[in-house]
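Here the structure comes first, spelled out in structure tokens, and everything after it is commentary.
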Amino acid sequence: MGPSGNVVASALMKEADVILALGTRVGFNSTFYSYEHINAAAQIIQVELDPLAIGRFFRVAQGIHDDTGVFVESLSAALSGHKASAAVAAWTSAFHEKRKALLLERESYATTIARIQPAKLYRSIRHLAPQGSIYTMDAGTLCLQATDQMAYHQPPSLFTPLDFGLVGFSYAAGLGIKLACTERTVISLMGDGGFGITSSELGTAAQYGIATICMVMNNGCWGAEKAYQRDFFGQRISARTCPTRPTTSWPSCGA
């Protein structure tokens, strides 16, 4: 959901009258800390193990300091005899249809791309990776896209810093995860900027024989910074966010 999420999830957050937020800070990457991406009138029930995260960025109708797994088990037991109303059943059915259409559109679009673009790469990974694969992501535009684009079948399957913005996290984290889950395939997705920071860990992998898969998407820039400069600073491109300087004469960052 949110500015980097898919249209179906994002629309639900803008329309929902009640939001049950399980184990989430409701933070920057999903909301930009703005009610532009979440219904301001919604009643938010936030369940978090970190008490500081409850109501930190958005007012909540109910904050619950608890382990999410324990809470969900209790809630499921309490609602075991509950039957959804016809209106809720219809709403749920409509959501499933929209999500199905989105996934089909995503698959179709990826097959029409001639060059190796992100959508095409993500589709290939979805079709080729074992169902029990674990994915690690980096910070930046890649991780936001891939978080939504990958298929997760066996938890835990996704490790990403998201709001912490730890560039270079993905490959190093993947090595540790592989040691903890030796029987599962670990795929680390990174941009060229993040890999440049953590490429020294190739020596660690070689020395200790840690076999993970690292996929580097080389877009020749710091993608998140470039996007922020484009979207929030009038396209005032600064420093080396582009592989080559644009033909237009851009003012410097301080101009």
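We name chains A, B, ... following the order of the structure tokens; residues begin at 1 in each chain, and ligands are numbered from 1 as shown.
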
Considering only C-alpha atoms, return as a list in words whatever protein or nucleic-acid residues lie within 8 Å of region 94-111 of chain A, sequence-local ones (same chain, fewer than 2 positions apart) excluded.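 Final neighbour list, sorted by chain and number: Val8, Ala90, Trp91, Thr92, Ile113, Ala114, Ala119, Lys120 and Arg123 of chain A.
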
So which residues of region 6-212 of chain A fall under strand (DSSP E) by DSSP, listed as a PyMOL selection string? chain A and resi 18-22+43-48+62-65+134-136+158-159+186-191

Which of A:Thr136, A:Gln229, A:Ser170, A:Ser4 sits closest to Phe28 (chain A) [using only C-alpha atoms]: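 Comparing A:Thr136, A:Gln229, A:Ser170, A:Ser4 against Phe28 (chain A), the winner is A:Ser4.
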
Would you work out the distance separating CA of Asp67 (chain A) from CA of Leu12 (chain A), expressed in Å to one decimal?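 Those two atoms sit 25.0 Å apart.
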
Which of region 14-183 of chain A DSSP labels helix (DSSP H, G or I), written as a PDB file with N, CA and C atoms, in the first residue's frame:
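Once everything was written out, this is states29.pdb:
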```pdb
ATOM      1  N   LYS A  14      -7.434   3.897   1.502  1.00  0.00           N
ATOM      2  CA  LYS A  14      -8.079   5.201   1.394  1.00  0.00           C
ATOM      3  C   LYS A  14      -9.579   5.114   1.647  1.00  0.00           C
ATOM      4  N   GLU A  15     -10.145   3.902   1.499  1.00  0.00           N
ATOM      5  CA  GLU A  15     -11.592   3.727   1.631  1.00  0.00           C
ATOM      6  C   GLU A  15     -12.005   3.084   2.959  1.00  0.00           C
ATOM      7  N   PHE A  28       6.864   5.284   7.201  1.00  0.00           N
ATOM      8  CA  PHE A  28       7.148   6.153   6.061  1.00  0.00           C
ATOM      9  C   PHE A  28       6.881   5.490   4.715  1.00  0.00           C
ATOM     10  N   ASN A  29       7.415   4.291   4.492  1.00  0.00           N
ATOM     11  CA  ASN A  29       7.327   3.692   3.171  1.00  0.00           C
ATOM     12  C   ASN A  29       5.905   3.365   2.749  1.00  0.00           C
ATOM     13  N   SER A  30       5.020   3.137   3.709  1.00  0.00           N
ATOM     14  CA  SER A  30       3.640   2.808   3.363  1.00  0.00           C
ATOM     15  C   SER A  30       2.697   4.008   3.431  1.00  0.00           C
ATOM     16  N   THR A  31       3.110   5.087   4.076  1.00  0.00           N
ATOM     17  CA  THR A  31       2.186   6.210   4.241  1.00  0.00           C
ATOM     18  C   THR A  31       2.775   7.578   3.916  1.00  0.00           C
ATOM     19  N   TYR A  35      -2.023  11.609   5.528  1.00  0.00           N
ATOM     20  CA  TYR A  35      -3.367  11.084   5.366  1.00  0.00           C
ATOM     21  C   TYR A  35      -3.784  11.045   3.894  1.00  0.00           C
ATOM     22  N   GLU A  36      -2.892  11.466   3.014  1.00  0.00           N
ATOM     23  CA  GLU A  36      -3.151  11.325   1.590  1.00  0.00           C
ATOM     24  C   GLU A  36      -3.218   9.842   1.209  1.00  0.00           C
ATOM     25  N   HIS A  37      -2.570   8.985   2.000  1.00  0.00           N
ATOM     26  CA  HIS A  37      -2.483   7.572   1.671  1.00  0.00           C
ATOM     27  C   HIS A  37      -3.277   6.683   2.629  1.00  0.00           C
ATOM     28  N   PRO A  51       5.955  -0.611  22.088  1.00  0.00           N
ATOM     29  CA  PRO A  51       4.944   0.360  22.548  1.00  0.00           C
ATOM     30  C   PRO A  51       5.148   1.757  21.982  1.00  0.00           C
ATOM     31  N   LEU A  52       6.391   2.120  21.642  1.00  0.00           N
ATOM     32  CA  LEU A  52       6.654   3.446  21.097  1.00  0.00           C
ATOM     33  C   LEU A  52       6.052   3.634  19.708  1.00  0.00           C
ATOM     34  N   ALA A  53       5.773   2.525  19.011  1.00  0.00           N
ATOM     35  CA  ALA A  53       5.234   2.612  17.654  1.00  0.00           C
ATOM     36  C   ALA A  53       3.730   2.838  17.634  1.00  0.00           C
ATOM     37  N   THR A  68       2.029  -9.976  17.935  1.00  0.00           N
ATOM     38  CA  THR A  68       0.997 -10.072  16.908  1.00  0.00           C
ATOM     39  C   THR A  68       0.473 -11.494  16.740  1.00  0.00           C
ATOM     40  N   GLY A  69       1.359 -12.484  16.779  1.00  0.00           N
ATOM     41  CA  GLY A  69       0.931 -13.871  16.618  1.00  0.00           C
ATOM     42  C   GLY A  69      -0.027 -14.305  17.711  1.00  0.00           C
ATOM     43  N   VAL A  70       0.299 -13.930  18.948  1.00  0.00           N
ATOM     44  CA  VAL A  70      -0.570 -14.271  20.088  1.00  0.00           C
ATOM     45  C   VAL A  70      -1.913 -13.574  19.935  1.00  0.00           C
ATOM     46  N   PHE A  71      -1.880 -12.307  19.541  1.00  0.00           N
ATOM     47  CA  PHE A  71      -3.118 -11.545  19.377  1.00  0.00           C
ATOM     48  C   PHE A  71      -4.015 -12.157  18.311  1.00  0.00           C
ATOM     49  N   VAL A  72      -3.420 -12.514  17.158  1.00  0.00           N
ATOM     50  CA  VAL A  72      -4.207 -13.062  16.057  1.00  0.00           C
ATOM     51  C   VAL A  72      -4.847 -14.394  16.458  1.00  0.00           C
ATOM     52  N   GLU A  73      -4.119 -15.235  17.177  1.00  0.00           N
ATOM     53  CA  GLU A  73      -4.687 -16.506  17.637  1.00  0.00           C
ATOM     54  C   GLU A  73      -5.882 -16.262  18.555  1.00  0.00           C
ATOM     55  N   SER A  74      -5.744 -15.310  19.461  1.00  0.00           N
ATOM     56  CA  SER A  74      -6.843 -14.985  20.380  1.00  0.00           C
ATOM     57  C   SER A  74      -8.039 -14.412  19.629  1.00  0.00           C
ATOM     58  N   LEU A  75      -7.776 -13.523  18.686  1.00  0.00           N
ATOM     59  CA  LEU A  75      -8.855 -12.907  17.917  1.00  0.00           C
ATOM     60  C   LEU A  75      -9.574 -13.951  17.068  1.00  0.00           C
ATOM     61  N   SER A  76      -8.813 -14.846  16.461  1.00  0.00           N
ATOM     62  CA  SER A  76      -9.400 -15.894  15.633  1.00  0.00           C
ATOM     63  C   SER A  76     -10.311 -16.791  16.458  1.00  0.00           C
ATOM     64  N   ALA A  77      -9.857 -17.129  17.665  1.00  0.00           N
ATOM     65  CA  ALA A  77     -10.674 -17.972  18.542  1.00  0.00           C
ATOM     66  C   ALA A  77     -11.956 -17.258  18.950  1.00  0.00           C
ATOM     67  N   ALA A  78     -11.839 -15.960  19.238  1.00  0.00           N
ATOM     68  CA  ALA A  78     -13.001 -15.187  19.679  1.00  0.00           C
ATOM     69  C   ALA A  78     -14.031 -15.029  18.564  1.00  0.00           C
ATOM     70  N   ALA A  86     -23.787 -10.016   4.536  1.00  0.00           N
ATOM     71  CA  ALA A  86     -23.811 -10.071   3.072  1.00  0.00           C
ATOM     72  C   ALA A  86     -23.001  -8.923   2.469  1.00  0.00           C
ATOM     73  N   ALA A  87     -23.064  -7.759   3.108  1.00  0.00           N
ATOM     74  CA  ALA A  87     -22.335  -6.603   2.593  1.00  0.00           C
ATOM     75  C   ALA A  87     -20.826  -6.822   2.696  1.00  0.00           C
ATOM     76  N   VAL A  88     -20.384  -7.377   3.812  1.00  0.00           N
ATOM     77  CA  VAL A  88     -18.956  -7.639   3.997  1.00  0.00           C
ATOM     78  C   VAL A  88     -18.485  -8.734   3.042  1.00  0.00           C
ATOM     79  N   ALA A  89     -19.318  -9.762   2.852  1.00  0.00           N
ATOM     80  CA  ALA A  89     -18.972 -10.846   1.925  1.00  0.00           C
ATOM     81  C   ALA A  89     -18.827 -10.301   0.502  1.00  0.00           C
ATOM     82  N   ALA A  90     -19.733  -9.404   0.104  1.00  0.00           N
ATOM     83  CA  ALA A  90     -19.666  -8.814  -1.230  1.00  0.00           C
ATOM     84  C   ALA A  90     -18.425  -7.943  -1.377  1.00  0.00           C
ATOM     85  N   TRP A  91     -18.094  -7.184  -0.327  1.00  0.00           N
ATOM     86  CA  TRP A  91     -16.902  -6.327  -0.326  1.00  0.00           C
ATOM     87  C   TRP A  91     -15.647  -7.179  -0.465  1.00  0.00           C
ATOM     88  N   THR A  92     -15.595  -8.287   0.271  1.00  0.00           N
ATOM     89  CA  THR A  92     -14.438  -9.173   0.219  1.00  0.00           C
ATOM     90  C   THR A  92     -14.293  -9.812  -1.154  1.00  0.00           C
ATOM     91  N   SER A  93     -15.416 -10.228  -1.725  1.00  0.00           N
ATOM     92  CA  SER A  93     -15.398 -10.832  -3.058  1.00  0.00           C
ATOM     93  C   SER A  93     -14.893  -9.845  -4.102  1.00  0.00           C
ATOM     94  N   ALA A  94     -15.331  -8.599  -3.994  1.00  0.00           N
ATOM     95  CA  ALA A  94     -14.890  -7.568  -4.940  1.00  0.00           C
ATOM     96  C   ALA A  94     -13.393  -7.327  -4.821  1.00  0.00           C
ATOM     97  N   PHE A  95     -12.901  -7.341  -3.585  1.00  0.00           N
ATOM     98  CA  PHE A  95     -11.465  -7.173  -3.373  1.00  0.00           C
ATOM     99  C   PHE A  95     -10.681  -8.302  -4.046  1.00  0.00           C
ATOM    100  N   HIS A  96     -11.129  -9.539  -3.852  1.00  0.00           N
ATOM    101  CA  HIS A  96     -10.427 -10.679  -4.444  1.00  0.00           C
ATOM    102  C   HIS A  96     -10.405 -10.593  -5.965  1.00  0.00           C
ATOM    103  N   GLU A  97     -11.500 -10.134  -6.550  1.00  0.00           N
ATOM    104  CA  GLU A  97     -11.554 -10.003  -8.001  1.00  0.00           C
ATOM    105  C   GLU A  97     -10.595  -8.921  -8.498  1.00  0.00           C
ATOM    106  N   LYS A  98     -10.535  -7.800  -7.789  1.00  0.00           N
ATOM    107  CA  LYS A  98      -9.619  -6.721  -8.173  1.00  0.00           C
ATOM    108  C   LYS A  98      -8.164  -7.169  -8.035  1.00  0.00           C
ATOM    109  N   ARG A  99      -7.879  -7.909  -6.972  1.00  0.00           N
ATOM    110  CA  ARG A  99      -6.510  -8.383  -6.766  1.00  0.00           C
ATOM    111  C   ARG A  99      -6.122  -9.397  -7.847  1.00  0.00           C
ATOM    112  N   LYS A 100      -7.053 -10.285  -8.182  1.00  0.00           N
ATOM    113  CA  LYS A 100      -6.798 -11.261  -9.242  1.00  0.00           C
ATOM    114  C   LYS A 100      -6.521 -10.556 -10.563  1.00  0.00           C
ATOM    115  N   ALA A 101      -7.312  -9.539 -10.881  1.00  0.00           N
ATOM    116  CA  ALA A 101      -7.125  -8.785 -12.120  1.00  0.00           C
ATOM    117  C   ALA A 101      -5.769  -8.075 -12.125  1.00  0.00           C
ATOM    118  N   LEU A 102      -5.369  -7.539 -10.967  1.00  0.00           N
ATOM    119  CA  LEU A 102      -4.072  -6.863 -10.865  1.00  0.00           C
ATOM    120  C   LEU A 102      -2.928  -7.825 -11.146  1.00  0.00           C
ATOM    121  N   LEU A 103      -2.985  -9.017 -10.560  1.00  0.00           N
ATOM    122  CA  LEU A 103      -1.916  -9.994 -10.754  1.00  0.00           C
ATOM    123  C   LEU A 103      -1.843 -10.458 -12.204  1.00  0.00           C
ATOM    124  N   LEU A 104      -3.001 -10.629 -12.838  1.00  0.00           N
ATOM    125  CA  LEU A 104      -3.023 -11.017 -14.250  1.00  0.00           C
ATOM    126  C   LEU A 104      -2.458  -9.904 -15.134  1.00  0.00           C
ATOM    127  N   GLU A 105      -2.809  -8.676 -14.820  1.00  0.00           N
ATOM    128  CA  GLU A 105      -2.296  -7.538 -15.578  1.00  0.00           C
ATOM    129  C   GLU A 105      -0.780  -7.426 -15.410  1.00  0.00           C
ATOM    130  N   ARG A 106      -0.303  -7.680 -14.211  1.00  0.00           N
ATOM    131  CA  ARG A 106       1.130  -7.626 -13.918  1.00  0.00           C
ATOM    132  C   ARG A 106       1.892  -8.673 -14.747  1.00  0.00           C
ATOM    133  N   GLU A 107       1.340  -9.874 -14.803  1.00  0.00           N
ATOM    134  CA  GLU A 107       1.958 -10.938 -15.582  1.00  0.00           C
ATOM    135  C   GLU A 107       1.970 -10.589 -17.069  1.00  0.00           C
ATOM    136  N   SER A 108       0.845 -10.090 -17.563  1.00  0.00           N
ATOM    137  CA  SER A 108       0.721  -9.760 -18.981  1.00  0.00           C
ATOM    138  C   SER A 108       1.688  -8.650 -19.379  1.00  0.00           C
ATOM    139  N   TYR A 109       1.769  -7.612 -18.558  1.00  0.00           N
ATOM    140  CA  TYR A 109       2.653  -6.489 -18.856  1.00  0.00           C
ATOM    141  C   TYR A 109       4.111  -6.934 -18.916  1.00  0.00           C
ATOM    142  N   ALA A 110       4.513  -7.799 -17.981  1.00  0.00           N
ATOM    143  CA  ALA A 110       5.906  -8.234 -17.925  1.00  0.00           C
ATOM    144  C   ALA A 110       6.309  -9.010 -19.165  1.00  0.00           C
ATOM    145  N   THR A 111       5.363  -9.694 -19.793  1.00  0.00           N
ATOM    146  CA  THR A 111       5.690 -10.490 -20.984  1.00  0.00           C
ATOM    147  C   THR A 111       5.838  -9.632 -22.234  1.00  0.00           C
ATOM    148  N   THR A 112       5.375  -8.390 -22.192  1.00  0.00           N
ATOM    149  CA  THR A 112       5.445  -7.520 -23.372  1.00  0.00           C
ATOM    150  C   THR A 112       6.740  -6.713 -23.429  1.00  0.00           C
ATOM    151  N   PRO A 118      12.579  -3.955 -14.517  1.00  0.00           N
ATOM    152  CA  PRO A 118      12.217  -4.558 -13.225  1.00  0.00           C
ATOM    153  C   PRO A 118      11.030  -5.505 -13.289  1.00  0.00           C
ATOM    154  N   ALA A 119       9.942  -5.110 -13.947  1.00  0.00           N
ATOM    155  CA  ALA A 119       8.747  -5.967 -13.986  1.00  0.00           C
ATOM    156  C   ALA A 119       9.056  -7.319 -14.619  1.00  0.00           C
ATOM    157  N   LYS A 120       9.892  -7.317 -15.640  1.00  0.00           N
ATOM    158  CA  LYS A 120      10.256  -8.561 -16.321  1.00  0.00           C
ATOM    159  C   LYS A 120      11.121  -9.438 -15.413  1.00  0.00           C
ATOM    160  N   LEU A 121      12.051  -8.813 -14.709  1.00  0.00           N
ATOM    161  CA  LEU A 121      12.907  -9.561 -13.790  1.00  0.00           C
ATOM    162  C   LEU A 121      12.086 -10.172 -12.659  1.00  0.00           C
ATOM    163  N   TYR A 122      11.174  -9.385 -12.081  1.00  0.00           N
ATOM    164  CA  TYR A 122      10.353  -9.890 -10.977  1.00  0.00           C
ATOM    165  C   TYR A 122       9.502 -11.081 -11.428  1.00  0.00           C
ATOM    166  N   ARG A 123       8.960 -10.991 -12.648  1.00  0.00           N
ATOM    167  CA  ARG A 123       8.153 -12.105 -13.154  1.00  0.00           C
ATOM    168  C   ARG A 123       9.007 -13.365 -13.287  1.00  0.00           C
ATOM    169  N   SER A 124      10.210 -13.211 -13.796  1.00  0.00           N
ATOM    170  CA  SER A 124      11.094 -14.363 -13.957  1.00  0.00           C
ATOM    171  C   SER A 124      11.403 -15.012 -12.615  1.00  0.00           C
ATOM    172  N   ILE A 125      11.653 -14.181 -11.607  1.00  0.00           N
ATOM    173  CA  ILE A 125      11.954 -14.720 -10.274  1.00  0.00           C
ATOM    174  C   ILE A 125      10.740 -15.445  -9.709  1.00  0.00           C
ATOM    175  N   ARG A 126       9.549 -14.854  -9.885  1.00  0.00           N
ATOM    176  CA  ARG A 126       8.336 -15.498  -9.370  1.00  0.00           C
ATOM    177  C   ARG A 126       8.154 -16.891  -9.964  1.00  0.00           C
ATOM    178  N   HIS A 127       8.501 -17.049 -11.237  1.00  0.00           N
ATOM    179  CA  HIS A 127       8.274 -18.313 -11.914  1.00  0.00           C
ATOM    180  C   HIS A 127       9.400 -19.324 -11.692  1.00  0.00           C
ATOM    181  N   LEU A 128      10.607 -18.840 -11.414  1.00  0.00           N
ATOM    182  CA  LEU A 128      11.756 -19.734 -11.330  1.00  0.00           C
ATOM    183  C   LEU A 128      12.175 -20.079  -9.902  1.00  0.00           C
ATOM    184  N   THR A 141      14.441   2.248  -4.212  1.00  0.00           N
ATOM    185  CA  THR A 141      13.281   1.981  -5.055  1.00  0.00           C
ATOM    186  C   THR A 141      13.090   0.491  -5.317  1.00  0.00           C
ATOM    187  N   LEU A 142      14.182  -0.243  -5.459  1.00  0.00           N
ATOM    188  CA  LEU A 142      14.066  -1.664  -5.759  1.00  0.00           C
ATOM    189  C   LEU A 142      13.283  -2.401  -4.681  1.00  0.00           C
ATOM    190  N   CYS A 143      13.631  -2.155  -3.417  1.00  0.00           N
ATOM    191  CA  CYS A 143      12.996  -2.930  -2.345  1.00  0.00           C
ATOM    192  C   CYS A 143      11.512  -2.619  -2.248  1.00  0.00           C
ATOM    193  N   LEU A 144      11.123  -1.391  -2.526  1.00  0.00           N
ATOM    194  CA  LEU A 144       9.710  -1.042  -2.446  1.00  0.00           C
ATOM    195  C   LEU A 144       8.910  -1.742  -3.541  1.00  0.00           C
ATOM    196  N   GLN A 145       9.485  -1.821  -4.740  1.00  0.00           N
ATOM    197  CA  GLN A 145       8.810  -2.524  -5.836  1.00  0.00           C
ATOM    198  C   GLN A 145       8.783  -4.026  -5.578  1.00  0.00           C
ATOM    199  N   ALA A 146       9.933  -4.581  -5.215  1.00  0.00           N
ATOM    200  CA  ALA A 146      10.050  -6.030  -5.070  1.00  0.00           C
ATOM    201  C   ALA A 146       9.240  -6.562  -3.892  1.00  0.00           C
ATOM    202  N   THR A 147       9.105  -5.783  -2.834  1.00  0.00           N
ATOM    203  CA  THR A 147       8.292  -6.212  -1.696  1.00  0.00           C
ATOM    204  C   THR A 147       6.879  -6.563  -2.154  1.00  0.00           C
ATOM    205  N   ASP A 148       6.366  -5.786  -3.097  1.00  0.00           N
ATOM    206  CA  ASP A 148       5.020  -6.009  -3.615  1.00  0.00           C
ATOM    207  C   ASP A 148       4.996  -7.060  -4.719  1.00  0.00           C
ATOM    208  N   GLN A 149       6.093  -7.211  -5.442  1.00  0.00           N
ATOM    209  CA  GLN A 149       6.099  -8.040  -6.654  1.00  0.00           C
ATOM    210  C   GLN A 149       6.449  -9.509  -6.397  1.00  0.00           C
ATOM    211  N   LEU A 162      13.289  -1.466   5.164  1.00  0.00           N
ATOM    212  CA  LEU A 162      12.250  -0.469   4.900  1.00  0.00           C
ATOM    213  C   LEU A 162      12.567   0.877   5.540  1.00  0.00           C
ATOM    214  N   ASP A 163      11.815   1.297   6.559  1.00  0.00           N
ATOM    215  CA  ASP A 163      11.936   2.657   7.078  1.00  0.00           C
ATOM    216  C   ASP A 163      13.325   2.979   7.621  1.00  0.00           C
ATOM    217  N   PHE A 164      14.100   1.957   8.001  1.00  0.00           N
ATOM    218  CA  PHE A 164      15.432   2.232   8.531  1.00  0.00           C
ATOM    219  C   PHE A 164      16.400   2.664   7.417  1.00  0.00           C
ATOM    220  N   PHE A 169      22.093  -3.520   3.111  1.00  0.00           N
ATOM    221  CA  PHE A 169      21.583  -4.535   4.046  1.00  0.00           C
ATOM    222  C   PHE A 169      21.398  -5.896   3.390  1.00  0.00           C
ATOM    223  N   SER A 170      20.921  -5.924   2.167  1.00  0.00           N
ATOM    224  CA  SER A 170      20.363  -7.136   1.579  1.00  0.00           C
ATOM    225  C   SER A 170      21.340  -8.308   1.514  1.00  0.00           C
ATOM    226  N   TYR A 171      22.499  -8.108   0.895  1.00  0.00           N
ATOM    227  CA  TYR A 171      23.415  -9.234   0.680  1.00  0.00           C
ATOM    228  C   TYR A 171      23.983  -9.751   2.000  1.00  0.00           C
ATOM    229  N   ALA A 172      24.419  -8.845   2.858  1.00  0.00           N
ATOM    230  CA  ALA A 172      24.983  -9.252   4.144  1.00  0.00           C
ATOM    231  C   ALA A 172      23.941  -9.984   4.988  1.00  0.00           C
ATOM    232  N   ALA A 173      22.715  -9.481   4.988  1.00  0.00           N
ATOM    233  CA  ALA A 173      21.641 -10.140   5.740  1.00  0.00           C
ATOM    234  C   ALA A 173      21.371 -11.529   5.183  1.00  0.00           C
ATOM    235  N   GLY A 174      21.422 -11.651   3.849  1.00  0.00           N
ATOM    236  CA  GLY A 174      21.179 -12.938   3.221  1.00  0.00           C
ATOM    237  C   GLY A 174      22.173 -13.996   3.646  1.00  0.00           C
ATOM    238  N   LEU A 175      23.427 -13.604   3.855  1.00  0.00           N
ATOM    239  CA  LEU A 175      24.444 -14.561   4.295  1.00  0.00           C
ATOM    240  C   LEU A 175      24.105 -15.116   5.673  1.00  0.00           C
ATOM    241  N   GLY A 176      23.721 -14.236   6.584  1.00  0.00           N
ATOM    242  CA  GLY A 176      23.353 -14.690   7.914  1.00  0.00           C
ATOM    243  C   GLY A 176      22.108 -15.552   7.910  1.00  0.00           C
ATOM    244  N   ILE A 177      21.138 -15.185   7.096  1.00  0.00           N
ATOM    245  CA  ILE A 177      19.889 -15.943   7.018  1.00  0.00           C
ATOM    246  C   ILE A 177      20.139 -17.331   6.443  1.00  0.00           C
ATOM    247  N   LYS A 178      21.035 -17.419   5.463  1.00  0.00           N
ATOM    248  CA  LYS A 178      21.358 -18.717   4.872  1.00  0.00           C
ATOM    249  C   LYS A 178      21.987 -19.648   5.913  1.00  0.00           C
ATOM    250  N   LEU A 179      22.817 -19.114   6.779  1.00  0.00           N
ATOM    251  CA  LEU A 179      23.422 -19.929   7.834  1.00  0.00           C
ATOM    252  C   LEU A 179      22.368 -20.429   8.817  1.00  0.00           C
ATOM    253  N   ALA A 180      21.326 -19.622   9.026  1.00  0.00           N
ATOM    254  CA  ALA A 180      20.254 -20.023   9.946  1.00  0.00           C
ATOM    255  C   ALA A 180      19.261 -20.971   9.296  1.00  0.00           C
TER     256      ALA A 180
END
```

10 Å contact set for Pro156 (chain A), only C-alpha atoms, chain neighbours under 4 positions out, as a ChimeraX atom specification: /A:132-135,152

Using only C-alpha atoms for the distances, tell me which of A:Ile44, A:Ala151, A:Ala84, A:Ala227 is nearest to Gly63 (chain A). A:Ile44

So what do you get for CA of Gly193 (chain A) versus CA of Met215 (chain A), distance-wise?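 CA of Gly193 (chain A) sits 12.6 Å away from CA of Met215 (chain A).
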
In Å and to one decimal, CA of Thr182 (chain A) is distant from CA of Gly209 (chain A) by 11.5 Å

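Here the question is which of A:Gly55, A:Gly2, A:Gly168, A:Pro155 gets nearest to Ala21 (chain A) using only C-alpha atoms, and that residue is A:Gly55.
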
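Here the question is which of A:Ser157, A:Gln235, A:Gln117, A:Gln43 gets nearest to Gln131 (chain A) using only C-alpha atoms, and that residue is A:Ser157.
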
Which residues are near region 218-224 of chain A? Cut-off 12 Å, only C-alpha atoms, ignore same chain within fewer than 6 positions. Put them as a PyMOL selection string. chain A and resi 4+29+116-118+138-145+165+167+189-196+230-232+237-245

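Residues with any atom within 7 Å of Glu48 (chain A), counting only C-alpha atoms and excluding same-chain neighbours fewer than 5 positions away, are A:Leu22, A:Gly23, A:Thr24, A:Ala53, A:Ile54, A:Ile64, A:His65, A:Asp66, A:Asp67, A:Thr68.
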
Let me see the file: selected residues, all heavy atoms, as a tab-separated table (two decimals), in the first residue's frame.
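Output below, filename part03.tsv:
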```tsv
chain	number	residue	atom	x	y	z
A	22	LEU	N	-1.50	-4.85	12.04
A	22	LEU	CA	-0.86	-5.92	12.80
A	22	LEU	C	0.65	-5.88	12.62
A	22	LEU	O	1.17	-6.06	11.52
A	22	LEU	CB	-1.39	-7.29	12.33
A	22	LEU	CG	-2.89	-7.53	12.51
A	22	LEU	CD1	-3.30	-8.84	11.84
A	22	LEU	CD2	-3.25	-7.56	13.99
A	23	GLY	N	1.37	-5.63	13.70
A	23	GLY	CA	2.82	-5.67	13.66
A	23	GLY	C	3.43	-4.69	12.69
A	23	GLY	O	4.40	-5.01	12.00
A	24	THR	N	2.91	-3.50	12.62
A	24	THR	CA	3.43	-2.50	11.68
A	24	THR	C	3.52	-1.14	12.36
A	24	THR	O	2.67	-0.79	13.19
A	24	THR	CB	2.55	-2.39	10.43
A	24	THR	OG1	3.00	-1.26	9.64
A	24	THR	CG2	1.08	-2.17	10.78
A	53	ALA	N	5.77	2.52	19.01
A	53	ALA	CA	5.23	2.61	17.65
A	53	ALA	C	3.73	2.84	17.63
A	53	ALA	O	3.17	3.27	16.63
A	53	ALA	CB	5.57	1.34	16.87
A	54	ILE	N	3.06	2.56	18.74
A	54	ILE	CA	1.60	2.64	18.78
A	54	ILE	C	1.16	4.11	18.80
A	54	ILE	O	1.48	4.86	19.71
A	54	ILE	CB	1.04	1.90	20.00
A	54	ILE	CG1	1.42	0.41	19.92
A	54	ILE	CG2	-0.48	2.06	20.08
A	54	ILE	CD1	1.01	-0.39	21.15
A	64	ILE	N	-2.87	-1.70	21.04
A	64	ILE	CA	-2.71	-2.95	21.78
A	64	ILE	C	-1.24	-3.34	21.77
A	64	ILE	O	-0.66	-3.61	20.72
A	64	ILE	CB	-3.57	-4.07	21.16
A	64	ILE	CG1	-5.04	-3.67	21.15
A	64	ILE	CG2	-3.36	-5.39	21.91
A	64	ILE	CD1	-5.95	-4.65	20.43
A	65	HIS	N	-0.64	-3.36	22.96
A	65	HIS	CA	0.77	-3.74	23.10
A	65	HIS	C	0.82	-5.25	23.31
A	65	HIS	O	0.57	-5.75	24.40
A	65	HIS	CB	1.39	-3.00	24.29
A	65	HIS	CG	2.82	-3.37	24.55
A	65	HIS	ND1	3.37	-3.36	25.81
A	65	HIS	CD2	3.80	-3.75	23.69
A	65	HIS	CE1	4.63	-3.74	25.74
A	65	HIS	NE2	4.91	-3.97	24.46
A	66	ASP	N	1.15	-5.98	22.23
A	66	ASP	CA	1.11	-7.44	22.32
A	66	ASP	C	1.91	-8.03	21.17
A	66	ASP	O	2.17	-7.36	20.17
A	66	ASP	CB	-0.35	-7.93	22.23
A	66	ASP	CG	-0.52	-9.36	22.75
A	66	ASP	OD1	0.49	-9.95	23.19
A	66	ASP	OD2	-1.65	-9.87	22.71
A	67	ASP	N	2.28	-9.29	21.32
A	67	ASP	CA	2.86	-10.05	20.22
A	67	ASP	C	1.77	-10.31	19.20
A	67	ASP	O	0.70	-10.82	19.54
A	67	ASP	CB	3.44	-11.36	20.75
A	67	ASP	CG	4.03	-12.21	19.64
A	67	ASP	OD1	3.26	-12.97	19.01
A	67	ASP	OD2	5.24	-12.12	19.40
A	68	THR	N	2.03	-9.98	17.93
A	68	THR	CA	1.00	-10.07	16.91
A	68	THR	C	0.47	-11.49	16.74
A	68	THR	O	-0.73	-11.70	16.58
A	68	THR	CB	1.54	-9.56	15.56
A	68	THR	OG1	1.94	-8.19	15.72
A	68	THR	CG2	0.48	-9.64	14.48
```
